[in-house]
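All remarks here apply to the structure that follows.
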Amino acid sequence: MQVTMTVNGEEVTREVEGRLLLVHFLRDHLGLTGTHWGCDTSNCGTCVVWLDGEPVKSCTVLAAMAGGHEVRTVEDLERDGELDPVQRGFMECHGLQCGFCTPGMMMTARALLDRNPDPSEEEIREAISGQICRCTGYATIVRSVRWAAAHEANAGGAA
């Protein structure tokens with residue numbers, strides 16, 4: 001079957017099997033390997049992307065279901081050579097260790113900050129509660145999101 005969707009602002013059309021998951025479509029058909037493939041059961045959250053502006057676990061969405069919709073991946077956070085404040089926060093506050101959960105965490109954090117530019121620690125923890133990090137203990141991830149929020153506020157808005 002043929003599927004057409006907008007990925008990171010560009011319309012793409014590919015021939016796919018009806019059972020192909022969005023995570024595999026992004027990685028294998030489009031070469032967007034920033035979206036990680038973890039559990040295939042929606043438990044880990046490494047595969048989070050945005051579908052029409054909402055974070056979704058791409059291992060639970062068929063590529064065909066994304067047809068006609070807008071998908072945004074971690075590759076789209078950077079703009080004109082400038083890292084998104086969330087990406088910078090993860091660097092500045094050591095929000096990653098092995099990096100496997102990082103793309104999904106960053107996409108979730110960006111969505112949170114777009115809705116709530118000054119989230120509390122509790123709100124950040126709730127937002128990322130559907131994702132697993134086996135390395136950091138989450139404290140540095142929370143600090144990274146807080147850093148991004150503070151730097152966006154100082155800069156006068158989101159990236």
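Quick note on naming: the chains in the structure tokens go A, B, ... in the order shown, residues restart at 1 in each chain, and ligands are numbered from 1 in order of appearance.
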
Exercise for review: Report the residues of chain A whose backbone DSSP state falls under strand (DSSP E), written as a list in words.
Suggested key: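 After running DSSP on the backbone, chain A has strand (DSSP E) at Gln2, Val3, Thr4, Met5, Thr6, Val7, Glu10, Glu11, Val12, Thr13, Arg14, Glu15, Val48, Val49, Trp50, Leu51, Glu54, Pro55, Val56, Lys57, Glu70, Val71 and Arg72 of chain A.
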
Can you list every residue of segment 19-84 of chain A that has an atom at most 10 Å from segment 131-141 of chain A, with its nearest atom pair and the distance in Å to one decimal, using only C-alpha atoms, ordered by chain then number, as a Markdown table?
| residue | atom | partner | partner_atom | distance |
| --- | --- | --- | --- | --- |
| A:Ser42 | CA | A:Gln131 | CA | 8.9 |
| A:Asn43 | CA | A:Gln131 | CA | 6.9 |
| A:Cys44 | CA | A:Ile132 | CA | 4.9 |
| A:Gly45 | CA | A:Gln131 | CA | 4.4 |
| A:Thr46 | CA | A:Gln131 | CA | 7.0 |
| A:Cys47 | CA | A:Gln131 | CA | 9.5 |
| A:Val48 | CA | A:Gln131 | CA | 8.9 |
| A:Lys57 | CA | A:Gln131 | CA | 9.7 |

Selection to disk with C-alpha atoms, as a PDB file, in the first residue's frame:
ATOM      1  CA  SER A  42       4.900   0.750  24.358  1.00  0.00           C
ATOM      2  CA  ASN A  43       6.590   0.337  27.730  1.00  0.00           C
ATOM      3  CA  CYS A  44       9.915   2.118  27.270  1.00  0.00           C
ATOM      4  CA  GLY A  45       9.133   5.319  25.332  1.00  0.00           C
ATOM      5  CA  THR A  46      12.369   5.426  23.336  1.00  0.00           C
ATOM      6  CA  CYS A  47      10.320   5.698  20.148  1.00  0.00           C
ATOM      7  CA  VAL A  48       8.316   8.838  21.012  1.00  0.00           C
ATOM      8  CA  LYS A  57       4.930   5.958  20.952  1.00  0.00           C
TER       9      LYS A  57
END

Point to revise | Residues of segment 34-105 of chain A in alpha helix (DSSP H), written as a PyMOL selection string | key: chain A and resi 85-92+102-105

Exercise for review: Compare A:Asn154, A:Thr73, A:Thr60, A:Thr41 by their minimum atom-to-atom distance to Val7 of chain A, counting only C-alpha atoms, and give me the closest one.
Suggested key: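 For Val7 of chain A, the nearest of the candidates is A:Thr73.
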
Practice item. Can you work out which one of A:Phe100, A:Pro119, A:Ala64, A:Cys59 has the shortest atom-to-atom distance to Arg19 of chain A, counting only C-alpha atoms? Key: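 Ranked by minimum distance to Arg19 of chain A, first place goes to A:Ala64.
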
Practice item. Go through A:His151, A:Leu62, A:Ser129, A:Pro55 one by one, measure the shortest atom-to-atom distance of each to Arg110 of chain A using only C-alpha atoms, and give the residue with the smallest value. Key: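 Result for the nearest residue to Arg110 of chain A: A:Pro55.
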
Just want the 12 Å neighbourhood of Gly89 of chain A, counted on only C-alpha atoms, with same-chain residues fewer than 3 positions away dropped. Output as a PDB file with C-alpha atoms, in the first residue's frame.
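The resulting selection13.pdb:
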ATOM      1  CA  LEU A  83      20.041  23.130  19.094  1.00  0.00           C
ATOM      2  CA  ASP A  84      16.657  23.340  20.760  1.00  0.00           C
ATOM      3  CA  PRO A  85      16.882  24.477  24.400  1.00  0.00           C
ATOM      4  CA  VAL A  86      15.802  20.964  25.421  1.00  0.00           C
ATOM      5  CA  GLU A  92      24.402  21.101  30.043  1.00  0.00           C
ATOM      6  CA  CYS A  93      22.806  19.068  32.841  1.00  0.00           C
ATOM      7  CA  HIS A  94      23.976  15.605  31.800  1.00  0.00           C
ATOM      8  CA  GLY A  95      20.431  14.437  31.096  1.00  0.00           C
ATOM      9  CA  LEU A  96      21.763  11.444  29.242  1.00  0.00           C
ATOM     10  CA  THR A 102      17.174  10.524  25.081  1.00  0.00           C
ATOM     11  CA  MET A 105      12.621  12.049  26.474  1.00  0.00           C
ATOM     12  CA  MET A 106      13.498  15.171  24.472  1.00  0.00           C
ATOM     13  CA  ALA A 109      10.003  17.412  27.173  1.00  0.00           C
ATOM     14  CA  ARG A 110       9.587  19.697  24.139  1.00  0.00           C
ATOM     15  CA  THR A 140      19.382  14.843  35.626  1.00  0.00           C
ATOM     16  CA  ILE A 141      16.587  14.581  33.075  1.00  0.00           C
ATOM     17  CA  VAL A 142      14.345  16.723  35.282  1.00  0.00           C
ATOM     18  CA  ARG A 143      17.203  19.233  35.737  1.00  0.00           C
ATOM     19  CA  SER A 144      17.710  19.286  31.970  1.00  0.00           C
ATOM     20  CA  VAL A 145      14.066  20.168  31.330  1.00  0.00           C
ATOM     21  CA  ARG A 146      14.134  22.825  34.060  1.00  0.00           C
ATOM     22  CA  TRP A 147      17.304  24.278  32.454  1.00  0.00           C
ATOM     23  CA  ALA A 148      15.542  24.441  29.084  1.00  0.00           C
ATOM     24  CA  ALA A 149      12.494  26.128  30.629  1.00  0.00           C
ATOM     25  CA  ALA A 150      14.657  28.731  32.376  1.00  0.00           C
ATOM     26  CA  HIS A 151      16.691  29.468  29.256  1.00  0.00           C
ATOM     27  CA  GLU A 152      13.607  29.786  27.086  1.00  0.00           C
TER      28      GLU A 152
END

Point to revise | Proximity to Met1 of chain A - best of A:Val49, A:Val16, A:Ile124, A:Leu30, only C-alpha atoms | key: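 Answer, going by the shortest atom-to-atom distance: A:Val16.
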
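Using only C-alpha atoms, the nearest neighbour of Ala63 of chain A within the list A:Glu10, A:Glu121, A:Asp28, A:Glu126 is A:Asp28.
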